[in-house]
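J.: Starting off with a structure, shown below.
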Amino acid sequence: MFAVHLMAFYFSKLKEDQIKKVDRFLYHMRLSDDTLLDIMRRFRAEMEKGLAKDTNPTAAVKMLPTFVRAIPDGSENGEFLSLDLGGSKFRVLKVQVAEEGKRHVQMESQFYPTPNEIIRGNGTELFEYVADCLADFMKTKDLKHKKLPLGLTFSFPCRQTKLEEDMDVDILALVNDTVGTMMTCAYDDPYCEVGVIIGTGTNACYMEDMSNIDLVEGDEGRMCINTEWGAFGDDGALEDIRTEFDRELDLGSLNPGKQLFEKMISGLYLGELVRLILLKMAKAGLLFGGEKSSALHTKGKIETQHVAAMEKYKEGLANTREILVDLGLEPSEADCIAVQHVCTIVSFRSANLCAAALAAILTRLRENKKVERLRTTVGMDGTLYKIHPQYPKRLHKVVRKLVPSCDVRFLLSESGSTKGAAMVTAVASRVQAQRKQIDRVLALFQLTREQLVDVQAKMRAELEYGLKKKSHGLATVRMLPTYVCGLPDGTEKGKFLALDLGGTNFRVLLVKIRSGRRSVRMYNKIFAIPLEIMQGTGEELFDHIVQCIADFLDYMGLKGASLPLGFTFSFPCRQMSIDKGTLIGWTKGFKATDCEGEDVVDMLREAIKRRNEFDLDIVAVVNDTVGTMMTCGYEDPNCEIGLIAGTGSNMCYMEDMRNIEMLEGDEGKMCINTEWGGFGDNGCIDDIRTRYDTEVDEGSLNPGKQRYEKMTSGMYLGEIVRQILIDLTKQGLLFRGQISERLRTRGIFETKFLSQIESDRLALLQVRRILQQLGLDSTCEDSIVVKEVCGAVSRRAAQLCGAGLAAIVEKRREDQGLEHLRITVGVDGTLYKLHPHFSRILQETVKELAPRCDVTFMLSEDGSGKGAALITAVAKRLQQAQEN
């Protein structure tokens with residue numbers, strides 16, 4: 001028993017001594033955690049260089065775009081052909097993806113030899129041969145009658161032509177084997193967005209944000225980048241890490257000075273590194289009693305499979321002895337222990353270096369996604385990773401230590417390069433088919449110049465129709481006289497009360513105007529209008545308004561004051577004078593009964609009487625669009641048009657009295673409130689309305705009315721987008737075909753989301769967060785489509801507004817008999833102010849359709865409140881002038 005213990009002690013001491021000896025000899029091959037973190041940082045810097053346009057030409061790590069824009073989403077299906085070309089034989093496969101709704105892949109394949117004369121010949125001969133083999137495969141598998149998409153995996157660049165000429169195949173994808181690995185694993189695990197090969201060679205790919213890839217146009221979405229990380233260090237970035245053995249191996253290779261990172265890692269070189277180390281140790285008398293065999297002097301005699309065998313658990317030492325004896329050596333027990341440890345250090349360094357570069361990629365992914373923790377999967381392939389007994393465990397452990405903020409799963413790829421080519425093709429095929437369907441929907445919202453000119457002409461005709469005495473009663477564009485006959489001239493002064501009713505909030509304002517200095521000071525308070533009041537009785541609504549006025553006067557200490565009052569009432573009204581306005585019909589969700597056909601000023605006066613607390617001089621009832629024009633007209637006398645592009649859409653302008661047939665008198669001008677939201681209610685623009693517009697209209701509170709407004713205003717744009725998203729989801733083109741309950745809810749997609757989603761500064765990740773708030777679990781590709789849908793809907797809205805405005809400025813130019821008109825448009829409304837592109841597109845459209853009009857756009861500051869006070873002040877001034 002004692003002898004056994006003595007033997008065990010001797011063996012463990014021997015092992016310890018040998019390990020220490022090798023550790024001292026290969027000190028530079030042992031990489032500390034700090035060194036690995038430093039290598040990780042260096043690789044991050046190399047990635048940046050490779051991605052940037054200016055530095056890419058000199059970058060060692062080339063970061064090649066693959067034009068693979070999406071990973072599988074599980075909806076791929078169909079038959080595909082795949083070619084795996086890049087060795088002494090190549091493989092042709094027929095791949096069936098997802099048969100009968102099941103997520104699986106079935107493959108049939110055939111190998112074809114590649115004769116030496118073909119390999120060493122030119123590209124044309126090679127592809128003629130490949131085409132012949134493909135034709136044979138298609139004949140054997142009875143596929144001649146089918147046109148199948150084809151994906152190719154090859155490991156050398158070549159321009160091909162003959163495949164498409166000889167048979168009916170659709171070449172959709174050219175695939176690198178690393179990309180194939182990632183795509184294969186991504187089909188089984190949607191979290192897979194990295195592919196790594198550690199085999200004869202080594203490489204990695206990952207999904208990068210398009211906004212970071214300078215070499216490719218476009219900022220939307222992601223693209224797979226083939227890092228070609230084997231060349232890391234070719235520019236000297238790893239000189240302090242490389243050892244004398246790395247340099248000797250490199251000098252003896254076919255490509256000295258190139259692929260230096262790969263030469264420290266991959267299966268093609270590990271065995272040779274071990275051989276060079278053993279030879280040097282033998283020469284130094286540290287192994288085999290200083291004896292060397294001819295085999296140990298022979299390049300390539302130790303292969304990576306030998307290294308793997310020597311590191312096997314339990315059998316490793318026996319394998320080591322056997323391999324060394326085959327090399328003509330006579331190893332002692334100590335030699336076998338030392339050689340085994342050399343293998344461990346060489347392969348462990350390989351795993352460490354791979355882990356550092358992979359950790360750099362994972363860190364970049366996490367930062368791109370702007371998340372605290374990243375959950376991701378890495379698709380793995382390659383003989384070294386597969387056959388070496390310790391390699392995967394070592395790699396995984398070091399990666400997790402270097403990136404503790406990443407939860408990484410490693411997934412072994414099956415038939416990565418070949419199945420992957422089919423998966424890339426399947427995804428490309430899916431994306432291509434989906435793109436066509438999506439483009440068909442988006443095309444419905446793309447207006448040609450001819451269509452815009454037609455809208456402009458029809459709007460012009462409707463304006464004239466509304467101004468004529470005979471046709472005014474039937475006109476859809478109401479062209480309502482406002483009895484506002486002048487713009488501010490700067491002499492207005494005094495205190496005025498202003499009311500602003502046009503949505504769910506009601507404002508009461510005190511406006512102080514100082515004469516001559518064009519100075520206005522305002523004090524206001526906002527009151528909510530509850531839904532039950534909006535849709536209750538007219539009496540309840542106006543009593544609520546008067547209650548709000550009383551609260552404001554109390555708040556301002558003006559309870560007994562008698563002030564001139566201007567009432568901004570942003571609903572279609574027919575005015576008989578400046579202080580009389582008959583409500584034509586409610587919009588914006590209001591439904592208060594007993595109001596339509598009634599004078600809203602009288603209703604307000606009656607409510608004030610019922611309250612019996614104060615008396616107010618109601619001078620003017622004002623539309624918010626007119627208020628906008630007057631506010632801007634106070635600053636710029638050239639402002640004769642007011643435009644609102646917000647929750648609703650409307651426009652007013654100063655018309656010559658001689659053109660207003662409903663009113664007597666030909667002198668001077670009067671502001672006309674067009675109420676253009678009703679444009680198209682007679683069917684004149686049905687040719688550009690889509691099925692989505694129809695659905696929004698039919699689901700609204702006033703079906704068949706305000707059709708132009710429903711295509712252009714903030715209240716409806718989000719709802720149009722929601723209808724499109726539902727349709728695309730039903731077609732399986734979005735959100736994996738799953739319609740969430742939130743998406744089914746009318747009004748959930750507010751127009752503010754369009755403004756946020758279309759912001760140029762917003763990354764797709766933030767778009768996804770907005771969609772998540774709406775209960776929509778979107779992929780990166782979904783986010784791109786949603787952004788495109790929002791853009792198509794808002795662009796059409798801005799163009800339609802621009803066409804309508806162009807009709808008015810052209811009318812003003814022609815009415816005044818001018819070759820060239822200079823005019824200012826006062827603008828208000830959240831859509832115009834907050835949407836990132838609406839104002840620009842609207843202005844561009846006006847410029848294109850009315851080239852002889854120089855139009856200045858002026859943003860209104862508080863048009864509805866300040867404007868009401870200014871109209872009241874102007875009306876008072878004109879009233880006093882008449883009396884005098």
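Following the order of the structure tokens, first chain is A, next is B, and so on, with residues numbered from 1 inside each chain and ligands from 1 in the order they appear.
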Name the residues in contact with Asn702 of chain A at a cut-off of 10 Å, using only C-alpha atoms, excluding same-chain residues fewer than 5 positions from it; report them as a list in words.
T.: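 Within the cut-off, the hits are Gly585, Trp586, Thr587, Lys588, Gly589, Asp697 and Arg707 of chain A.
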J.: Emit the selected residues as a PDB file, in the first residue's frame, including all heavy atoms.
T.:
ATOM      1  N   GLY A 585     -71.414  71.901 -38.729  1.00  0.00           N
ATOM      2  CA  GLY A 585     -71.316  70.507 -38.287  1.00  0.00           C
ATOM      3  C   GLY A 585     -70.106  70.311 -37.399  1.00  0.00           C
ATOM      4  O   GLY A 585     -69.071  70.948 -37.583  1.00  0.00           O
ATOM      5  N   TRP A 586     -70.244  69.447 -36.393  1.00  0.00           N
ATOM      6  CA  TRP A 586     -69.129  69.162 -35.483  1.00  0.00           C
ATOM      7  C   TRP A 586     -68.039  68.356 -36.190  1.00  0.00           C
ATOM      8  O   TRP A 586     -68.319  67.564 -37.090  1.00  0.00           O
ATOM      9  CB  TRP A 586     -69.610  68.366 -34.281  1.00  0.00           C
ATOM     10  CG  TRP A 586     -70.380  69.130 -33.232  1.00  0.00           C
ATOM     11  CD1 TRP A 586     -71.671  68.908 -32.849  1.00  0.00           C
ATOM     12  CD2 TRP A 586     -69.911  70.201 -32.423  1.00  0.00           C
ATOM     13  NE1 TRP A 586     -72.040  69.770 -31.847  1.00  0.00           N
ATOM     14  CE2 TRP A 586     -70.959  70.587 -31.562  1.00  0.00           C
ATOM     15  CE3 TRP A 586     -68.698  70.899 -32.329  1.00  0.00           C
ATOM     16  CZ2 TRP A 586     -70.856  71.609 -30.629  1.00  0.00           C
ATOM     17  CZ3 TRP A 586     -68.578  71.923 -31.398  1.00  0.00           C
ATOM     18  CH2 TRP A 586     -69.640  72.278 -30.559  1.00  0.00           C
ATOM     19  N   THR A 587     -66.793  68.517 -35.762  1.00  0.00           N
ATOM     20  CA  THR A 587     -65.655  67.666 -36.180  1.00  0.00           C
ATOM     21  C   THR A 587     -64.853  67.351 -34.923  1.00  0.00           C
ATOM     22  O   THR A 587     -65.249  67.721 -33.816  1.00  0.00           O
ATOM     23  CB  THR A 587     -64.761  68.399 -37.209  1.00  0.00           C
ATOM     24  OG1 THR A 587     -64.318  69.641 -36.635  1.00  0.00           O
ATOM     25  CG2 THR A 587     -65.507  68.687 -38.505  1.00  0.00           C
ATOM     26  N   LYS A 588     -63.741  66.650 -35.085  1.00  0.00           N
ATOM     27  CA  LYS A 588     -62.772  66.384 -33.999  1.00  0.00           C
ATOM     28  C   LYS A 588     -63.376  65.676 -32.791  1.00  0.00           C
ATOM     29  O   LYS A 588     -62.950  65.898 -31.652  1.00  0.00           O
ATOM     30  CB  LYS A 588     -62.100  67.686 -33.536  1.00  0.00           C
ATOM     31  CG  LYS A 588     -61.426  68.449 -34.668  1.00  0.00           C
ATOM     32  CD  LYS A 588     -60.937  69.792 -34.203  1.00  0.00           C
ATOM     33  CE  LYS A 588     -60.515  70.652 -35.376  1.00  0.00           C
ATOM     34  NZ  LYS A 588     -60.224  72.030 -35.006  1.00  0.00           N
ATOM     35  N   GLY A 589     -64.371  64.840 -33.025  1.00  0.00           N
ATOM     36  CA  GLY A 589     -64.895  64.022 -31.940  1.00  0.00           C
ATOM     37  C   GLY A 589     -66.007  64.666 -31.129  1.00  0.00           C
ATOM     38  O   GLY A 589     -66.546  64.050 -30.207  1.00  0.00           O
ATOM     39  N   ASP A 697     -62.308  56.122 -42.817  1.00  0.00           N
ATOM     40  CA  ASP A 697     -63.502  56.956 -42.990  1.00  0.00           C
ATOM     41  C   ASP A 697     -64.742  56.257 -42.424  1.00  0.00           C
ATOM     42  O   ASP A 697     -65.512  56.837 -41.651  1.00  0.00           O
ATOM     43  CB  ASP A 697     -63.689  57.275 -44.480  1.00  0.00           C
ATOM     44  CG  ASP A 697     -64.929  58.126 -44.741  1.00  0.00           C
ATOM     45  OD1 ASP A 697     -65.230  58.998 -43.912  1.00  0.00           O
ATOM     46  OD2 ASP A 697     -65.587  57.892 -45.767  1.00  0.00           O
ATOM     47  N   ARG A 707     -63.180  64.172 -46.145  1.00  0.00           N
ATOM     48  CA  ARG A 707     -62.282  63.143 -46.712  1.00  0.00           C
ATOM     49  C   ARG A 707     -60.851  63.641 -46.896  1.00  0.00           C
ATOM     50  O   ARG A 707     -59.891  62.893 -46.672  1.00  0.00           O
ATOM     51  CB  ARG A 707     -62.846  62.654 -48.048  1.00  0.00           C
ATOM     52  CG  ARG A 707     -64.109  61.820 -47.874  1.00  0.00           C
ATOM     53  CD  ARG A 707     -64.591  61.286 -49.200  1.00  0.00           C
ATOM     54  NE  ARG A 707     -65.784  60.460 -49.036  1.00  0.00           N
ATOM     55  CZ  ARG A 707     -66.396  59.858 -50.039  1.00  0.00           C
ATOM     56  NH1 ARG A 707     -65.948  59.990 -51.270  1.00  0.00           N
ATOM     57  NH2 ARG A 707     -67.463  59.125 -49.818  1.00  0.00           N
TER      58      ARG A 707
END
J.: What lies within 8 Å of segment 250-266 of chain A using only C-alpha atoms, ignoring chain neighbours under 6 positions off, as a ChimeraX atom specification?
T.: /A:198-202,229-234,347,349-351,353-354,384
J.: As a ChimeraX atom specification, please: the residues near segment 291-306 of chain A (cut-off 7 Å, only C-alpha atoms, same-chain neighbours under 6 positions excluded).
T.: /A:267,270-272,275,279,282,327-329
J.: When distances are computed from only C-alpha atoms, which of A:Gly503, A:Gly718, A:Gly466, A:Pro404 shows the smallest separation from Leu831 of chain A?
T.: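 Using only C-alpha atoms, Leu831 of chain A sits closest to A:Gly718.
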J.: Considering only C-alpha atoms, return as a ChimeraX atom specification whatever protein or nucleic-acid residues lie within 9 Å of segment 626-632 of chain A, sequence-local ones (same chain, fewer than 3 positions apart) excluded.
T.: /A:482,484,487-488,568,622-623,635-637,639-644,651-653,671-673,824-828,858-871
J.: List the spatial neighbours of segment 835-840 of chain A as an MDAnalysis selection string - criterion: any atom at most 10 Å away, only C-alpha atoms, same-chain residues fewer than 6 positions off excluded.
T.: chainID A and resid 645:646 714 751:761 791 794:799 801:802 827 857
J.: So what do you get for atom CA of Gly775 of chain A versus atom CA of Gln738 of chain A, distance-wise?
T.: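 These two atoms are separated by 10.9 Å.
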J.: Work out how far apart atom CA of Ala357 of chain A and atom CA of Met63 of chain A are and give it in Å to one decimal.
T.: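 Those two atoms sit 13.2 Å apart.
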J.: Quick one: residues within 12 Å of Lys730 of chain A, only C-alpha atoms, excluding same-chain residues fewer than 6 positions away - as number ranges by chain?
T.: A: 723-724, 736-740, 743-744
J.: For the selection just defined, write its residues with all heavy atoms to a file, as a compact mmCIF listing (two decimals), in the first residue's frame.
T.:
# COMPACT_ATOMS: atom_id res chain seq x y z
N GLN A 723 -54.20 50.70 -39.86
CA GLN A 723 -54.92 49.84 -40.82
C GLN A 723 -53.95 49.12 -41.75
O GLN A 723 -54.12 47.94 -42.06
CB GLN A 723 -55.91 50.68 -41.65
CG GLN A 723 -57.07 51.26 -40.86
CD GLN A 723 -58.04 50.20 -40.34
OE1 GLN A 723 -58.01 49.05 -40.74
NE2 GLN A 723 -58.91 50.61 -39.42
N ILE A 724 -52.91 49.84 -42.19
CA ILE A 724 -51.91 49.22 -43.08
C ILE A 724 -51.16 48.12 -42.32
O ILE A 724 -50.94 47.03 -42.86
CB ILE A 724 -50.91 50.27 -43.61
CG1 ILE A 724 -51.64 51.31 -44.46
CG2 ILE A 724 -49.82 49.61 -44.45
CD1 ILE A 724 -50.80 52.54 -44.79
N ARG A 736 -44.48 38.58 -37.36
CA ARG A 736 -44.63 37.11 -37.46
C ARG A 736 -46.10 36.70 -37.65
O ARG A 736 -46.53 35.62 -37.24
CB ARG A 736 -44.06 36.43 -36.22
CG ARG A 736 -42.57 36.71 -35.99
CD ARG A 736 -42.08 36.07 -34.69
NE ARG A 736 -40.69 36.43 -34.44
CZ ARG A 736 -40.32 37.54 -33.79
NH1 ARG A 736 -41.23 38.39 -33.36
NH2 ARG A 736 -39.05 37.80 -33.60
N GLY A 737 -46.87 37.61 -38.25
CA GLY A 737 -48.27 37.30 -38.54
C GLY A 737 -49.19 37.39 -37.33
O GLY A 737 -50.36 37.03 -37.42
N GLN A 738 -48.66 37.89 -36.18
CA GLN A 738 -49.46 37.95 -34.94
C GLN A 738 -50.01 39.36 -34.73
O GLN A 738 -49.22 40.30 -34.54
CB GLN A 738 -48.60 37.55 -33.74
CG GLN A 738 -47.98 36.17 -33.84
CD GLN A 738 -49.01 35.06 -33.87
OE1 GLN A 738 -49.93 35.04 -33.07
NE2 GLN A 738 -48.87 34.15 -34.82
N ILE A 739 -51.33 39.52 -34.76
CA ILE A 739 -51.94 40.82 -34.49
C ILE A 739 -52.24 40.91 -33.00
O ILE A 739 -53.04 40.14 -32.47
CB ILE A 739 -53.25 41.00 -35.29
CG1 ILE A 739 -52.98 40.86 -36.80
CG2 ILE A 739 -53.89 42.36 -34.99
CD1 ILE A 739 -54.22 40.95 -37.66
N SER A 740 -51.57 41.85 -32.33
CA SER A 740 -51.80 42.00 -30.88
C SER A 740 -53.14 42.68 -30.64
O SER A 740 -53.68 43.36 -31.51
CB SER A 740 -50.68 42.83 -30.25
OG SER A 740 -50.79 44.18 -30.69
N LEU A 743 -52.97 46.37 -31.18
CA LEU A 743 -53.03 46.81 -32.58
C LEU A 743 -54.47 46.82 -33.11
O LEU A 743 -54.80 47.55 -34.03
CB LEU A 743 -52.14 45.92 -33.46
CG LEU A 743 -51.90 46.38 -34.90
CD1 LEU A 743 -51.28 47.78 -34.93
CD2 LEU A 743 -51.03 45.41 -35.67
N ARG A 744 -55.31 46.00 -32.50
CA ARG A 744 -56.73 45.96 -32.92
C ARG A 744 -57.52 47.17 -32.39
O ARG A 744 -58.64 47.42 -32.80
CB ARG A 744 -57.41 44.69 -32.41
CG ARG A 744 -56.90 43.40 -33.04
CD ARG A 744 -57.65 42.21 -32.46
NE ARG A 744 -56.95 40.97 -32.68
CZ ARG A 744 -57.01 40.26 -33.80
NH1 ARG A 744 -57.76 40.68 -34.80
NH2 ARG A 744 -56.32 39.14 -33.93
